[in-house]
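Trainee: Below is a structure I'd like to ask you about.
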There are 2 protein chains.
Amino acid sequence: MFDGGLDQLRTAMNPRSIAVIGASENPDKVGGRPLQFLKRFGFAGNVYPINPARAEVQGLASARSLADLPEAPEVAIIAVAGQAAFDGVEECATAGVKLAIVMAAGFGEIDPVHGKEMERRMTALAHARGMRIIGPNSQGLANFGTGAILSFSTMFAELPPPEDGPVGIVGQSGAVSASIYGILRHRGIGVRHVHATGNDCDVTTCELASVVAEDPDLKLLLMYLEGLPDPHHLARAATIARARDLPIVVVKGGRTRAGQTAASTHTGSLSSEDRVVDAFLRQHGIWRAGSIAEMIESTELYLKGWRPAGRKLVAITTSGATGVMVADAVDTANLKMADFTPATSEALASVLPPIATAANPLDLTGALLTDNALFVRVLDVVAQDPGVDAFLAGITVAGAGYDVDMLATAAARCAARTGKPVVIAAPQESVADRFRAAGLPSYQFETRAVEAMGRFMAHLELMRTTRLRAPAQPAPQRIAPHAGDARVRNEVDSLALLAEAGVPVVPHRLCRSADEVREAFAALGAPVAIKGCSSEVTHKSELGIVALNIRDGDQAVDTYHSIVDKLQAAGLAFEGVLVARMVNGRREMMLGAHRDPVFGPVIVLGDGGKYVEAMPDVRVLIAPVTPELVRDTLSRLRIAPLFAGVRGEPPMDIDAFVDAVMAVSRIMTASDSRIESIDINPLIVAAAGGGCLAVDAVVVSGSN
Amino acid sequence: MFDGGLDQLRTAMNPRSIAVIGASENPDKVGGRPLQFLKRFGFAGNVYPINPARAEVQGLASARSLADLPEAPEVAIIAVAGQAAFDGVEECATAGVKLAIVMAAGFGEIDPVHGKEMERRMTALAHARGMRIIGPNSQGLANFGTGAILSFSTMFAELPPPEDGPVGIVGQSGAVSASIYGILRHRGIGVRHVHATGNDCDVTTCELASVVAEDPDLKLLLMYLEGLPDPHHLARAATIARARDLPIVVVKGGRTRAGQTAASTHTGSLSSEDRVVDAFLRQHGIWRAGSIAEMIESTELYLKGWRPAGRKLVAITTSGATGVMVADAVDTANLKMADFTPATSEALASVLPPIATAANPLDLTGALLTDNALFVRVLDVVAQDPGVDAFLAGITVAGAGYDVDMLATAAARCAARTGKPVVIAAPQESVADRFRAAGLPSYQFETRAVEAMGRFMAHLELMRTTRLRAPAQPAPQRIAPHAGDARVRNEVDSLALLAEAGVPVVPHRLCRSADEVREAFAALGAPVAIKGCSSEVTHKSELGIVALNIRDGDQAVDTYHSIVDKLQAAGLAFEGVLVARMVNGRREMMLGAHRDPVFGPVIVLGDGGKYVEAMPDVRVLIAPVTPELVRDTLSRLRIAPLFAGVRGEPPMDIDAFVDAVMAVSRIMTASDSRIESIDINPLIVAAAGGGCLAVDAVVVSGSN
């Protein structure tokens, strides 16, 4: 991959000169739209239509080819199709163009063999001359800050001239980028960047995003991804964003099996495990929205500069039922209803009518109808409560008798004075519009308002913790798995490797004779477990070569013979039996690791035992990890309540488990590591102070 | 409770005569609005303003009191406050009014002592004369089919004259009923009923709903509930609805702890456990929407008469990325992407352009821009596939070049021909509006469209299964718990009771001496468990009076003595020790039952063992249950994958578990049952054919 060319991308954000190869007089054609847009949105640089058949296009002098221009244009749009597009790339590279945008479809996205090959060749041509390519199959780039609208999006033609704004939108899909743009504009939100990269034969969505993240005016970066073959680019974007407190929100298509199937048809994206993508985004402080709807519904909250310190909400409503539904939504969104300080409660009691209660949610009751200033007085009181992080006003029904402008002014003043989020829920559009005019985010449904606030506040928290942990997150390692020459180590070898790396393992001996078994039994002490040891078997219990709780030496020897027989009957190599002390602990957990072809070393941790696949309670992390990240991840497991001890049990030794995770993280990230995967199950965790012990493990290493 | 008066409620839907006590000349006052509305919405009966201070109100002759009227009005609106409202109720009852609507607030909702007492007295007055009361604190009733708008809702004043329609809205809260109404009207959906019952001192929301459900024109009944003190009324509504295939969708506030706290402040609702409410609704075929937003977003789907047989969806999109997001949403919403038949695939291949793939989701690509008829041809093909249950068309961006009306006509024709749901996702309002004009539900976001379809189709499935099981669902029993005189049975007594009722229990003996222990040990066979038996202890393991895996007689006797000592040291009554055979099974499950003060006998079933509270995996059902319902419920447990056997294990004897649940259901619903609660944990379930055994149990019964 060619990573040295970010300057060309920066140039494309504000080029001095632009050529359009295949320029069209018709402003609704692919080759006509960019000319129309460059004029309409006030692009100040030189624009050169290239059309050998015309002397003038859309009022501009047209040239036959790039060679006829007075200068090499910094950026060229290639609006011709097929072989002509390919030739255009060559012409641009030769002329010294820095970046070419290839709009034509019909390459890799429809023909993974010849189409992809064409893309590889055009990329090679470009790179040989230091040129970068956006596309093919790209709808183009648009920067409304500079007027460099290098796009043929229908959406820009449809809307009134858009306002520049603090939002950036970057995606492969032209339709999705444009539709997000259109919805935001209709909601009165200005947008700076709208980029659609298409087939990503050279510049990828994430690489472009890393340049967009440099724009100092941006307050929010939105991305739509299907594949994520280049997480290091996204990591770069995230690093820049983190330094500037710029939030990144991503929708990643292909969350589910059905979605992945569709994505592989659509973009041919090689899909990483979705939970690995999830871990990557989270560890980089990027919020993964569940849908474009969720992305858009939270957008406005990001643009106000709000950075609430906590998650405690006050709801002020005109209907008790709305308050109840807000409280339900708050619980579900993992927010909290604020408790008023005594001073607030007292002050509220003096401004509220007798039929209202000074509780949160605050139901103003029908009293508001005859006394609109009640809302103002209540807000003035609550605004002074230091325990409140955000405000939600629910105006369920307003009409004759309501002075909605007075309410909106009071709410806006509260936001201005406190610097805290003030959000409105108003089912009537006419009411919501008045609050919007006062600069406040307004939702039709109170639950949607709370859900959006919940996501926003959770993202802020993620950004804060990610900044604290940031040094532990390098760009992902691109170590390809050596599947071809992988070697499964037997249990004894696996345990030895882990022990050496610092993972405590169960006391055990490898025995190859009845005498050795008897000796081991005596040395380890009853009860013991005896297991057949073979690198050819990973699921031993199904084969009946595991015996637990053996309490006398004769039984141990009998077991030994029986296992030898079973291995022989199954035609498996006999590498000995493992005699291990039986371990009692508080819980069987699991700890594993493997190498993702894209994201590098991945750690899996969680509840262990036999049903780890049937009833998974595990989480994944991308290595290297920090102890804080591991602890935070453990706290999200279903079994987390057991860690502190329940039903009179002592707490579990989670410190020891975290140490084991750190050891596995070190094994996987060591620069000379040949380990492909690790699967420790169970890793038995004892009561606090008692440590943990790997009782069974399979390690797969590359051959050496 | 006074349950004999549904006729009065039916009368209120279409009365011949209406009096308004406290009639006002001002059409925006509580006493003025109903007069205004009755006129505006064409009420055809007699309307009598009552206002002693005026000869005429809003153009109608006014009377001093009901006594001065030429007839006893069938319905009276009481629009005066405080004591005057109370007096109005008395006057109405005396005059022979059938139903009075008390609009004044300031009763039970603000003063749970005196206010409630006033409500009880007015109810008693009314019932003595056969009159029913809606309210107090009611915004009123509105039937747009008859023009009987007995309401002062601001919302009706704000909107253009509403169209009658197939939706009914019933709730306590005026604000919520009105806001649902307003949003539906703005979406072009006509509404027949909008009722807000207020404090429910006599007629409750659910009782009124049972009358609304009788309206033969209704296609959907929407309800907002906070409390549910009278499930038998809702059961009646559900029975009527089931017989007519009328869907009921409920939002029940107070889902969460925060919401319940808010609800108890708002309406003083005594909150039943939310999961019991959930079970009740589900067992009656009522859909519980998570929010008003969800309720409204699904509404239109119910009104088209669609009854798709399955959950298989086809998505046709203008953008591959939209198809990916639809597929993700389909997976999440528990729908399925349909597989095309070979005939469909073949026919598609012949109509699609070369760059499009005949896969579901179907991406029409940019080809649609130059060939709008492509959409028509594709839809015509797919409409004939018998394996498709519903269609989603995603029009992500349309503009110049798109003939949206042609697309809309084709989509509407597909819906008409197939009778199957056809739903649109179009981010551009201008596009969505054209599809709406063609009669198709249109959503801004594809995920929201799929989520709404998912809920709708799941509800249809619930309605189908509920109809099959309907005879097992009587009105809930209103058996109050006898907490005062409850008696905890010790383990031996508990097991005996269960065994007698048909629940298999572990072989065991109660022993009161060392000799009896030795004898029991010999009779039961090693290994055994020995447990101290005391009705004063429910959590035995914390006390150290449980010993497992005892393998010889001497150890058994020692254990006996040690338990006797521990019980004595703890000052607990000695009722013997229980010696039981150790049971091995496939899984420790749990089975319990108790009496909900409102819903009657409730069964709890799920995963068992020590962590049932710390990591619950249980479901509740309201008894009596059917085996089918129990099986369906079991299949929703987290542990459900284990039932069939995993990792080489045999399947579990789920039949035996279902039998045990049925036995517990019989115990709890027997007319002479004195059992308050049952807690069997573990109920060990063996491999198929091996049955299940109650190993530990606590039964609490009322004294006798």
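To be explicit about the labels: the chains of the structure tokens are called A, B, and onward in the order shown, and within each one the residues are counted from 1, while ligands get numbers from 1 in the order they are shown.
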Which residues in region 234-405 of chain A does DSSP call strand (DSSP E)? List them as JSON, numbers by chain.
Mentor: {"A": [248, 249, 250, 251, 252, 287, 288, 312, 313, 314, 315, 316, 317, 336, 337, 362, 363, 390, 391, 392, 393, 394]}
Trainee: Just C-alpha atoms for this one: save the residues we selected as a JSON list (two decimals), in the first residue's frame.
Mentor:
```json
[["chain", "number", "residue", "atom", "x", "y", "z"],
["A", 248, "ILE", "CA", -15.84, 10.43, 15.11],
["A", 249, "VAL", "CA", -19.07, 8.49, 14.62],
["A", 250, "VAL", "CA", -19.07, 5.49, 12.30],
["A", 251, "VAL", "CA", -21.79, 3.32, 10.83],
["A", 252, "LYS", "CA", -20.20, 0.06, 9.77],
["A", 287, "TRP", "CA", -18.48, 5.69, 18.40],
["A", 288, "ARG", "CA", -20.17, 3.01, 16.38],
["A", 312, "LYS", "CA", -27.42, 12.92, 35.35],
["A", 313, "LEU", "CA", -30.49, 14.34, 33.69],
["A", 314, "VAL", "CA", -33.36, 16.54, 34.80],
["A", 315, "ALA", "CA", -36.64, 16.22, 32.95],
["A", 316, "ILE", "CA", -39.19, 19.04, 33.03],
["A", 317, "THR", "CA", -42.47, 18.11, 31.42],
["A", 336, "LYS", "CA", -29.49, 8.69, 35.56],
["A", 337, "MET", "CA", -32.27, 10.90, 36.87],
["A", 362, "LEU", "CA", -40.70, 17.61, 37.23],
["A", 363, "ASP", "CA", -44.30, 17.64, 36.02],
["A", 390, "ALA", "CA", -28.19, 17.89, 31.28],
["A", 391, "PHE", "CA", -31.77, 19.06, 30.84],
["A", 392, "LEU", "CA", -34.68, 17.65, 28.89],
["A", 393, "ALA", "CA", -37.87, 19.66, 28.47],
["A", 394, "GLY", "CA", -40.89, 17.67, 27.31]]
```
Trainee: Can you pull out every residue within 12 Å of Ile286 (chain A), counting only C-alpha atoms, but drop anything in the same chain fewer than 2 positions away, and send it as a PyMOL selection string?
Mentor: chain A and resi 220-223+234-242+245-252+277-284+288-289+455-456+458-467
Trainee: Using only C-alpha atoms, which of A:Val625, A:Leu605, A:Ile424, A:Met325 sits nearest chain B?
Mentor: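 Of A:Val625, A:Leu605, A:Ile424, A:Met325, the one nearest chain B, counting only C-alpha atoms, is A:Met325.
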Trainee: Give me, as a list in words, all polymer residues having an atom no more than 6 Å from region 138-147 of chain B, counting only C-alpha atoms and skipping those fewer than 5 positions away in the same chain.
Mentor: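 The contact residues come out as Asn14, Phe41, Gly42, Phe43, Met103, Phe152, Asp164, Gly174, Arg192, His193, Val194, His195, Ala196, Thr197 and Gly198 of chain B.
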Trainee: Please save N, CA and C atoms of the selected residues as a compact mmCIF listing (two decimals), in the first residue's frame.
Mentor:
```txt
# COMPACT_ATOMS: atom_id res chain seq x y z
N ASN B 14 -71.96 7.31 21.62
CA ASN B 14 -72.92 7.92 20.70
C ASN B 14 -74.20 8.29 21.44
N PHE B 41 -67.64 19.11 14.84
CA PHE B 41 -67.52 17.74 14.33
C PHE B 41 -68.87 17.08 14.07
N GLY B 42 -69.93 17.91 14.06
CA GLY B 42 -71.21 17.45 13.55
C GLY B 42 -71.99 16.50 14.44
N PHE B 43 -71.89 16.71 15.75
CA PHE B 43 -72.68 15.85 16.63
C PHE B 43 -74.17 16.13 16.39
N MET B 103 -64.05 16.63 34.57
CA MET B 103 -62.80 17.14 34.01
C MET B 103 -61.89 17.78 35.04
N PHE B 152 -61.84 18.44 26.10
CA PHE B 152 -61.35 19.81 25.94
C PHE B 152 -59.93 19.84 25.40
N ASP B 164 -62.35 10.91 10.27
CA ASP B 164 -62.61 9.67 11.01
C ASP B 164 -61.67 8.59 10.44
N GLY B 174 -54.28 12.65 29.19
CA GLY B 174 -54.78 13.46 28.10
C GLY B 174 -53.67 13.88 27.17
N ARG B 192 -60.58 7.27 14.98
CA ARG B 192 -61.97 7.23 15.44
C ARG B 192 -62.09 7.68 16.90
N HIS B 193 -61.31 7.05 17.77
CA HIS B 193 -61.46 7.30 19.22
C HIS B 193 -60.21 7.94 19.81
N VAL B 194 -60.43 8.98 20.64
CA VAL B 194 -59.32 9.54 21.43
C VAL B 194 -59.85 9.77 22.84
N HIS B 195 -59.54 8.86 23.74
CA HIS B 195 -60.11 8.93 25.08
C HIS B 195 -59.01 9.07 26.13
N ALA B 196 -59.28 9.93 27.11
CA ALA B 196 -58.33 10.10 28.23
C ALA B 196 -59.13 10.03 29.52
N THR B 197 -58.88 8.99 30.31
CA THR B 197 -59.79 8.69 31.42
C THR B 197 -59.40 9.35 32.74
N GLY B 198 -58.20 9.90 32.83
CA GLY B 198 -57.82 10.63 34.05
C GLY B 198 -57.57 9.73 35.24
```
Trainee: Give one line per residue of chain A that approaches chain B to at most 6 Å, naming the two atoms of the closest pair and their distance in Å to one decimal, counting only C-alpha atoms; sort by chain then ascending residue number and deliver it as a tab-separated table.
Mentor:
```
residue	atom	partner	partner_atom	distance
A:Ile110	CA	B:Ile355	CA	5.7
A:Gly253	CA	B:Met325	CA	5.7
A:Arg255	CA	B:Asp328	CA	6.0
A:Thr256	CA	B:Asp328	CA	5.3
A:Ala258	CA	B:Ala327	CA	5.3
A:Gly259	CA	B:Asp328	CA	4.4
A:Ala262	CA	B:Val324	CA	5.2
A:Ala263	CA	B:Val324	CA	5.5
A:His266	CA	B:Gly320	CA	5.5
A:Ala293	CA	B:Phe445	CA	6.0
A:Gly320	CA	B:His266	CA	5.5
A:Val324	CA	B:Gly259	CA	5.0
A:Met325	CA	B:Gly253	CA	5.7
A:Ala327	CA	B:Gly259	CA	4.6
A:Asp328	CA	B:Gly259	CA	4.4
A:Ile355	CA	B:Ile110	CA	5.7
A:Phe445	CA	B:Ala293	CA	6.0
A:Glu542	CA	B:Gly648	CA	6.0
A:Gly648	CA	B:Glu542	CA	6.0
```
Trainee: Please identify all polymer residues within 10 Å of region 375-382 of chain A, counting only C-alpha atoms, omitting same-chain residues fewer than 2 positions from it, and present them as a ChimeraX atom specification.
Mentor: /A:314,316-318,340-341,343-352,358,362,364,367-368,371-373,384-388,391,393,406-411,413-414,417
Trainee: Going by DSSP on the backbone, which bits of region 541-640 of chain B are alpha helix (DSSP H)? Write them as a PyMOL selection string, please.
Mentor: chain B and resi 541-543+553-569+627-634+640
Trainee: Set the distance at 9 Å and use only C-alpha atoms: which residues neighbour Ala100 (chain A) once local chain neighbours fewer than 6 positions away are removed? I'd like the list as a list in words.
Mentor: Glu74, Val75, Ala76, Ile77, Ile78, Gly88, Val89, Cys92, Ala93, Ala126, Met131, Arg132, Ile133, Ile134 and Gly135 of chain A
Trainee: Those same residues, written as a CSV table (one decimal), in the first residue's frame with C-alpha atoms?
Mentor:
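Result file is part_9.csv:
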```csv
chain,number,residue,atom,x,y,z
A,74,GLU,CA,-3.7,20.1,-9.4
A,75,VAL,CA,-6.8,17.9,-9.5
A,76,ALA,CA,-8.5,16.2,-12.4
A,77,ILE,CA,-12.0,14.8,-12.5
A,78,ILE,CA,-12.3,11.9,-15.0
A,88,GLY,CA,-7.4,9.6,-18.6
A,89,VAL,CA,-5.6,8.4,-15.6
A,92,CYS,CA,-3.2,12.9,-15.7
A,93,ALA,CA,-0.2,11.1,-14.3
A,126,ALA,CA,-0.5,6.9,-10.9
A,131,MET,CA,-0.4,10.8,-8.3
A,132,ARG,CA,-3.2,9.6,-6.1
A,133,ILE,CA,-6.6,8.2,-7.3
A,134,ILE,CA,-10.0,8.5,-5.8
A,135,GLY,CA,-12.4,5.9,-7.2
```
Trainee: Restricting the calculation to only C-alpha atoms: of A:Thr205, A:Arg129, A:Gly285, A:Ala501, which residue gets closest to Ala243 (chain A)?
Mentor: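 Nearest candidate to Ala243 (chain A) out of A:Thr205, A:Arg129, A:Gly285, A:Ala501: A:Gly285.
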